[in-house]
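Asks: Structure file coords38.txt (compact mmCIF, C-alpha atoms) is given on the next line.
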```
# COMPACT_ATOMS: atom_id res chain seq x y z
CA MET A 7 201.97 127.79 86.63
CA ALA A 8 202.42 125.76 83.51
CA PRO A 9 199.71 123.23 82.66
CA SER A 10 200.40 119.56 81.98
CA LYS A 11 198.47 116.57 80.72
CA ASP A 12 194.75 116.39 81.34
CA VAL A 13 193.54 114.68 84.50
CA GLY A 14 190.34 112.78 85.06
CA THR A 15 187.58 113.71 87.44
CA LEU A 16 188.13 112.97 91.11
CA VAL A 17 185.57 112.76 93.87
CA ALA A 18 186.83 115.05 96.65
CA PRO A 19 185.72 114.89 100.30
CA ALA A 20 182.52 116.72 101.12
CA GLY A 21 183.01 120.48 101.03
CA TYR A 22 186.49 120.31 99.46
CA THR A 23 187.77 121.06 95.95
CA ALA A 24 190.43 118.75 94.48
CA VAL A 25 193.43 120.60 93.00
CA PRO A 26 195.81 118.42 90.92
CA LEU A 27 199.48 119.14 91.52
CA LYS A 28 202.79 117.95 90.01
CA PHE A 29 206.23 118.40 91.48
CA SER A 30 207.83 119.18 88.10
CA GLU A 31 207.02 119.04 84.40
CA GLU A 32 208.98 115.77 83.99
CA ARG A 33 206.88 113.89 86.54
CA ARG A 34 204.24 111.55 85.12
CA THR A 35 202.22 111.23 88.31
CA HIS A 36 200.40 113.99 90.12
CA HIS A 37 199.12 114.72 93.60
CA TYR A 38 195.87 116.23 94.86
CA LEU A 39 195.39 119.09 97.28
CA TYR A 40 191.97 119.40 98.92
CA VAL A 41 190.87 122.99 99.45
CA LYS A 42 187.87 124.65 101.06
CA GLU A 43 186.95 128.04 102.48
CA HIS A 44 188.13 128.57 106.04
CA LYS A 45 185.13 129.11 108.35
CA VAL A 46 185.48 129.39 112.12
CA ARG A 47 184.44 131.87 114.77
CA GLU A 48 186.16 135.21 114.35
CA ASP A 49 187.39 135.32 117.94
CA LEU A 50 189.04 131.88 117.63
CA ASP A 51 191.26 132.80 114.67
CA PRO A 52 191.45 136.57 114.13
CA ALA A 53 194.63 136.32 112.01
CA ARG A 54 192.73 134.43 109.27
CA PRO A 55 189.68 136.36 108.00
CA GLN A 56 186.90 133.99 106.89
CA ASP A 57 186.16 135.76 103.63
CA ARG A 58 189.85 135.82 102.56
CA THR A 59 191.24 132.49 103.80
CA LEU A 60 191.45 129.01 102.25
CA PHE A 61 192.09 125.83 104.23
CA VAL A 62 194.27 123.25 102.42
CA ILE A 63 194.89 119.63 103.43
CA ASN A 64 197.03 116.79 102.03
CA VAL A 65 199.98 119.14 101.44
CA PRO A 66 203.04 116.99 100.51
CA PRO A 67 206.35 117.32 102.41
CA TYR A 68 208.20 118.93 99.48
CA CYS A 69 205.67 121.75 99.26
CA THR A 70 206.90 125.08 100.67
CA GLU A 71 205.08 128.24 101.66
CA LYS A 72 206.63 130.08 98.72
CA SER A 73 205.53 127.47 96.17
CA LEU A 74 201.98 127.41 97.58
CA SER A 75 201.85 131.19 97.42
CA GLN A 76 202.80 131.10 93.73
CA ILE A 77 200.10 128.53 92.98
CA PHE A 78 197.26 130.34 94.73
CA SER A 79 198.33 133.80 93.56
CA ARG A 80 196.93 132.95 90.15
CA SER A 81 193.52 133.99 91.46
CA CYS A 82 194.52 136.96 93.62
CA PRO A 83 197.63 138.27 95.42
CA VAL A 84 198.38 136.21 98.52
CA VAL A 85 199.16 137.93 101.82
CA SER A 86 200.43 134.93 103.79
CA VAL A 87 200.72 131.13 103.72
CA GLU A 88 201.10 129.16 106.95
CA LEU A 89 201.99 125.46 107.14
CA GLN A 90 201.10 123.38 110.21
CA GLU A 91 201.19 119.73 111.23
CA LYS A 92 197.47 119.71 112.05
CA PRO A 93 194.52 122.13 111.95
CA GLY A 94 194.40 124.71 114.70
CA PRO A 95 194.88 128.38 115.57
CA ALA A 96 197.90 130.32 114.42
CA GLU A 97 201.08 129.09 116.12
CA GLY A 98 202.60 132.25 117.57
CA ASP A 99 202.95 135.77 116.27
CA PRO A 100 204.64 135.93 112.84
CA LYS A 101 206.29 139.21 113.89
CA THR A 102 208.26 137.40 116.62
CA GLU A 103 209.60 134.58 114.47
CA SER A 104 213.23 133.79 115.21
CA ARG A 105 215.91 132.37 112.98
CA TYR A 106 217.69 130.65 115.86
CA PHE A 107 214.99 129.87 118.45
CA ASP A 108 211.63 128.09 118.29
CA MET A 109 212.25 126.77 114.79
CA LYS A 110 209.36 124.37 114.18
CA SER A 111 209.35 122.89 110.69
CA PRO A 112 206.49 120.37 110.29
CA LYS A 113 207.49 116.99 108.85
CA GLY A 114 205.48 114.76 106.54
CA PHE A 115 202.10 115.78 105.12
CA LYS A 116 200.77 119.10 106.41
CA VAL A 117 197.82 121.47 106.33
CA ALA A 118 198.00 125.07 105.11
CA TYR A 119 196.12 128.34 105.57
CA VAL A 120 196.25 130.68 102.56
CA VAL A 121 195.17 134.30 103.16
CA PHE A 122 194.36 136.43 100.08
CA LYS A 123 194.69 140.19 99.85
CA LYS A 124 191.06 140.56 98.74
CA ALA A 125 187.88 138.58 99.33
CA SER A 126 187.52 138.10 95.56
CA GLY A 127 190.49 135.70 95.66
CA VAL A 128 188.44 133.01 97.42
CA ARG A 129 185.53 133.38 94.99
CA GLN A 130 187.81 133.26 91.94
CA PHE A 131 189.58 130.16 93.21
CA ASN A 132 186.31 128.36 93.95
CA SER A 133 185.06 129.08 90.42
CA THR A 134 188.24 127.80 88.75
CA LYS A 135 188.08 124.39 87.03
CA PHE A 136 191.34 122.43 87.18
CA HIS A 137 191.55 120.15 84.13
CA THR A 138 195.37 119.96 84.15
CA PRO A 139 197.74 119.58 87.10
CA LEU A 140 199.61 122.63 88.34
CA VAL A 141 203.41 122.44 88.24
CA LEU A 142 205.01 123.17 91.58
CA SER A 143 208.71 123.38 90.68
CA GLU A 144 209.61 125.14 87.42
CA LYS A 145 212.96 125.99 85.87
CA ASP A 146 212.78 129.65 86.84
CA ASP A 147 211.89 128.87 90.43
CA SER A 148 212.68 125.25 91.32
CA ILE A 149 212.39 123.58 94.69
CA LYS A 150 215.74 122.35 96.00
CA THR A 151 216.02 118.58 96.49
CA GLY A 152 218.79 116.10 97.22
CA ILE A 153 222.29 117.45 97.78
CA CYS A 154 221.27 121.00 96.83
CA LYS A 155 218.71 120.96 99.63
CA TRP A 156 221.26 119.63 102.12
CA ILE A 157 223.75 122.35 101.16
CA ALA A 158 221.09 125.03 101.56
CA GLU A 159 220.03 123.65 104.98
CA TYR A 160 223.67 123.55 106.13
CA ALA A 161 224.26 127.14 105.00
CA ALA A 162 221.10 128.24 106.83
CA SER A 163 222.27 126.47 110.01
CA LEU A 164 225.41 128.63 110.28
CA THR A 165 225.07 131.27 113.00
CA ASP A 166 225.68 134.94 112.38
CA THR A 167 227.00 136.10 115.77
CA GLU A 168 226.09 139.78 115.28
CA HIS A 169 222.52 138.98 114.18
CA LEU A 170 222.15 136.49 117.06
CA GLN A 171 223.38 139.08 119.59
CA ASP A 172 220.92 141.65 118.24
CA GLU A 173 218.08 139.16 118.58
CA ILE A 174 219.10 138.28 122.15
CA ASP A 175 219.34 141.96 123.12
CA ALA A 176 215.89 142.66 121.65
CA PHE A 177 214.40 139.68 123.51
CA MET A 178 215.96 140.69 126.84
CA LYS A 179 214.78 144.28 126.40
CA GLU A 180 211.23 143.10 125.77
CA TYR A 181 211.44 140.73 128.76
CA ASP A 182 212.72 143.46 131.12
CA GLU A 183 209.92 145.78 130.03
CA LYS A 184 207.36 143.04 130.66
CA VAL A 185 208.75 142.31 134.15
CA ALA A 186 208.80 146.02 135.03
CA GLU A 187 205.21 146.38 133.86
CA GLU A 188 204.09 143.38 135.97
CA GLU A 189 205.87 144.72 139.06
CA GLU A 190 204.30 148.14 138.59
CA LYS A 191 200.87 146.59 138.21
CA ALA A 192 201.37 144.41 141.32
CA ALA A 193 202.47 147.46 143.32
CA GLU A 194 199.34 149.34 142.31
CA GLU A 195 197.06 146.44 143.24
CA GLU A 196 198.78 145.69 146.57
CA GLY A 197 196.56 146.57 149.52
CA VAL A 198 193.61 147.51 147.32
CA PRO A 199 190.48 145.37 147.95
CA ASP A 200 188.76 143.79 144.96
CA GLU A 201 185.04 143.79 144.17
CA GLU A 202 184.33 141.24 146.91
CA GLY A 203 186.45 143.03 149.50
CA TRP A 204 189.44 140.66 149.43
CA VAL A 205 192.97 142.08 149.64
CA LYS A 206 195.72 140.36 147.70
CA VAL A 207 198.79 139.63 149.84
CA THR A 208 202.06 139.17 147.96
CA ARG A 209 205.42 137.92 149.12
CA LYS A 210 206.92 141.38 148.71
CA GLY A 211 204.52 142.72 151.34
CA ARG A 212 205.98 140.53 154.08
CA ARG A 213 208.58 141.70 156.56
CA PRO A 214 212.06 140.65 155.41
CA GLY A 215 213.52 137.94 157.62
CA LEU A 216 216.97 138.06 159.26
CA ALA A 217 219.81 136.01 157.87
CA ARG A 218 220.50 132.78 159.76
CA THR A 219 223.71 132.47 161.74
CA GLU A 220 225.86 129.35 161.78
CA ALA A 221 224.60 128.35 165.24
CA THR A 222 221.00 128.68 164.05
CA ASN A 223 221.73 126.47 161.03
CA ILE A 224 223.28 123.82 163.30
CA ARG A 225 220.22 123.82 165.58
CA VAL A 226 217.91 123.47 162.58
CA LEU A 227 219.94 120.55 161.25
CA GLU A 228 219.90 118.84 164.67
CA ARG A 229 216.13 119.32 164.90
CA GLU A 230 215.63 117.78 161.48
CA LYS A 231 217.90 114.89 162.43
CA ARG A 232 215.85 114.18 165.56
CA LYS A 233 212.62 114.28 163.53
CA ARG A 234 213.98 111.71 161.09
CA ALA A 235 215.18 109.54 163.97
CA ARG A 236 211.72 109.51 165.54
CA LYS A 237 210.18 108.39 162.28
CA GLU A 238 212.51 105.39 161.95
CA LEU A 239 211.26 101.97 163.07
CA LEU A 240 213.34 100.84 166.06
CA ASN A 241 213.51 97.22 167.27
CA PHE A 242 211.27 96.10 164.46
CA TYR A 243 213.30 92.96 163.76
CA ALA A 244 214.54 90.41 166.33
CA TRP A 245 218.20 91.06 165.55
CA GLN A 246 217.60 94.81 166.11
CA HIS A 247 216.14 94.03 169.54
CA ARG A 248 219.17 91.81 170.45
CA ASP A 249 221.64 94.48 169.29
CA THR A 250 219.82 97.14 171.30
CA LYS A 251 219.97 95.00 174.49
CA ARG A 252 223.63 94.22 173.89
CA GLU A 253 224.48 97.91 173.43
CA HIS A 254 222.50 98.83 176.54
CA LEU A 255 224.36 96.22 178.65
CA ALA A 256 227.69 97.47 177.32
CA GLU A 257 226.79 101.05 178.29
CA LEU A 258 225.77 99.86 181.80
CA ARG A 259 229.08 97.99 182.29
CA LYS A 260 231.03 101.02 181.10
CA LYS A 261 229.12 103.30 183.48
CA PHE A 262 229.66 100.78 186.35
CA GLU A 263 233.43 100.78 185.79
CA GLU A 264 233.49 104.60 185.68
CA ASP A 265 231.53 104.75 188.95
CA LYS A 266 233.96 102.27 190.61
CA GLN A 267 236.89 104.45 189.62
CA LYS A 268 235.18 107.56 190.99
CA ILE A 269 234.43 105.80 194.33
CA ALA A 270 238.05 104.58 194.65
CA LEU A 271 239.31 108.08 193.99
CA MET A 272 236.98 109.55 196.60
CA ARG A 273 238.11 106.96 199.22
CA ALA A 274 241.75 107.70 198.53
CA GLN A 275 241.17 111.41 199.05
CA ARG A 276 239.43 110.82 202.43
CA LYS A 277 242.48 109.05 204.09
CA PHE A 278 244.11 110.84 207.06
CA ARG A 279 247.70 111.92 206.42
CA PRO A 280 249.31 113.78 209.38
CA TYR A 281 252.66 114.26 207.60
```
For the structure just supplied, provide its representation as structure tokens.

Replies:
Amino acid sequence: MAPSKDVGTLVAPAGYTAVPLKFSEERRTHHYLYVKEHKVREDLDPARPQDRTLFVINVPPYCTEKSLSQIFSRSCPVVSVELQEKPGPAEGDPKTESRYFDMKSPKGFKVAYVVFKKASGVRQFNSTKFHTPLVLSEKDDSIKTGICKWIAEYAASLTDTEHLQDEIDAFMKEYDEKVAEEEEKAAEEEGVPDEEGWVKVTRKGRRPGLARTEATNIRVLEREKRKRARKELLNFYAWQHRDTKREHLAELRKKFEEDKQKIALMRAQRKFRPY
């Protein structure tokens, strides 16, 4: 990267190295990246070897993975650059990145993990003294801004149907293989006791039930209706009690009239008729 005007000394946070950075040669102001060697347990972050990885904070929004790779490749060839919203383990497998799905582009200031090809890249970078700011966007390889950036983002948003179909087919193939593998594993483990003697019972091991008929469905619905009716509060209010008594009296009067008609009919049938 091309050097610019000299910068003064800056006190960086403990353990970090301040790296001055300019967006372009025409800019008068510069920005600082804070870099240190990435050190965590190997099993927590296996994709980022400790002796070949740098951890970068205060990365501005306009900074891209490609531009960061060009800056840090001055010391040693860079294998990968990963931008994230906050520090943490690698977000997903880079081999399974999709152009159409799970597109997570961090907004605002970010953190970055830079992985060199050799361990000497970290040592060379730590020994470098930055007296002039590094230029991020040069004429040969400039970062798109403004309307050029919007046009590029719009062009990237257009969907290639053939490429999308290929990606969907590959995903479904991988998913079917995973499901078949899980079913095969479950079939092997079914009925086999574990170390403590317990046997895992799965839903597939149960006897298949018979399909319900329409009459069975009606009985089930009636049973559920009666359960709900028993749970309801009856005659809780005074007006409910009055309405219940009124309905009961009306049913008694109706039954009394029906009984009178039945008795009259029975008497009429008992009369003697010689002719």

Asks: Report the distance between atom CA of Gln56 of chain A and atom CA of Pro95 of chain A in Å, rounded to one decimal place.

Replies: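 Spanning atom CA of Gln56 of chain A to atom CA of Pro95 of chain A is a straight-line distance of 13.1 Å.
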
Asks: Could you give me the centre and size, in Å to one decimal, of an axis-aligned box around all listed atoms of segment 265-275 of chain A with 4 Å added on every side, as lines of an AutoDock Vina configuration file?

Replies:
```
center_x = 236.6
center_y = 106.8
center_z = 194.1
size_x = 18.2
size_y = 17.1
size_z = 18.3
```

Asks: What gap, in Å, lies between atom CA of Pro19 of chain A and atom CA of Thr134 of chain A?

Replies: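 Computing it gives 17.5 Å between the two atoms.
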
Asks: One decimal, in Å: what's the spacing between atom CA of Ser30 of chain A and atom CA of Glu43 of chain A?

Replies: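 Computing it gives 26.9 Å between the two atoms.
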
Asks: At a cut-off of 9 Å, using only C-alpha atoms, what residues contact Phe136 of chain A? Leave out same-chain residues fewer than 3 positions from it and give the result as a list in words.

Replies: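 Once the nearby chain positions are removed, what remains is Val13, Ala24, Val25, Pro26, Pro139 and Leu140 of chain A.
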
Asks: With only C-alpha atoms as the basis for distance, which of A:Val120, A:Val85, A:Leu142, A:Glu159 is at the shortest distance from Glu31 of chain A?

Replies: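 Looking at the shortest contact to Glu31 of chain A, the residue is A:Leu142.
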
Asks: Give the answer as one residue: which of A:Val65, A:Asp175, A:Thr59, A:Thr167 has the shortest atom-to-atom distance to Lys123 of chain A, using all atoms listed in the file?

Replies: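 Using all atoms listed in the file, Lys123 of chain A sits closest to A:Thr59.
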
Asks: Identify the residues around (196.0, 116.2, 94.5) within a radius of 8 Å, measuring from all atoms listed in the file in the coordinates stated by the file, and give them as an MDAnalysis selection string.

Replies: chainID A and resid 24:27 36:40 64

Asks: Take the residues from that selection and write them out as an mmCIF file, in the frame of the given file, keeping C-alpha atoms.

Replies:
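That gives us part-v4.cif:
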```cif
data_model
loop_
_atom_site.group_PDB
_atom_site.id
_atom_site.type_symbol
_atom_site.label_atom_id
_atom_site.label_comp_id
_atom_site.auth_asym_id
_atom_site.auth_seq_id
_atom_site.Cartn_x
_atom_site.Cartn_y
_atom_site.Cartn_z
ATOM 1 C CA ALA A 24 190.430 118.750 94.480
ATOM 2 C CA VAL A 25 193.430 120.600 93.000
ATOM 3 C CA PRO A 26 195.810 118.420 90.920
ATOM 4 C CA LEU A 27 199.480 119.140 91.520
ATOM 5 C CA HIS A 36 200.400 113.990 90.120
ATOM 6 C CA HIS A 37 199.120 114.720 93.600
ATOM 7 C CA TYR A 38 195.870 116.230 94.860
ATOM 8 C CA LEU A 39 195.390 119.090 97.280
ATOM 9 C CA TYR A 40 191.970 119.400 98.920
ATOM 10 C CA ASN A 64 197.030 116.790 102.030
#
```
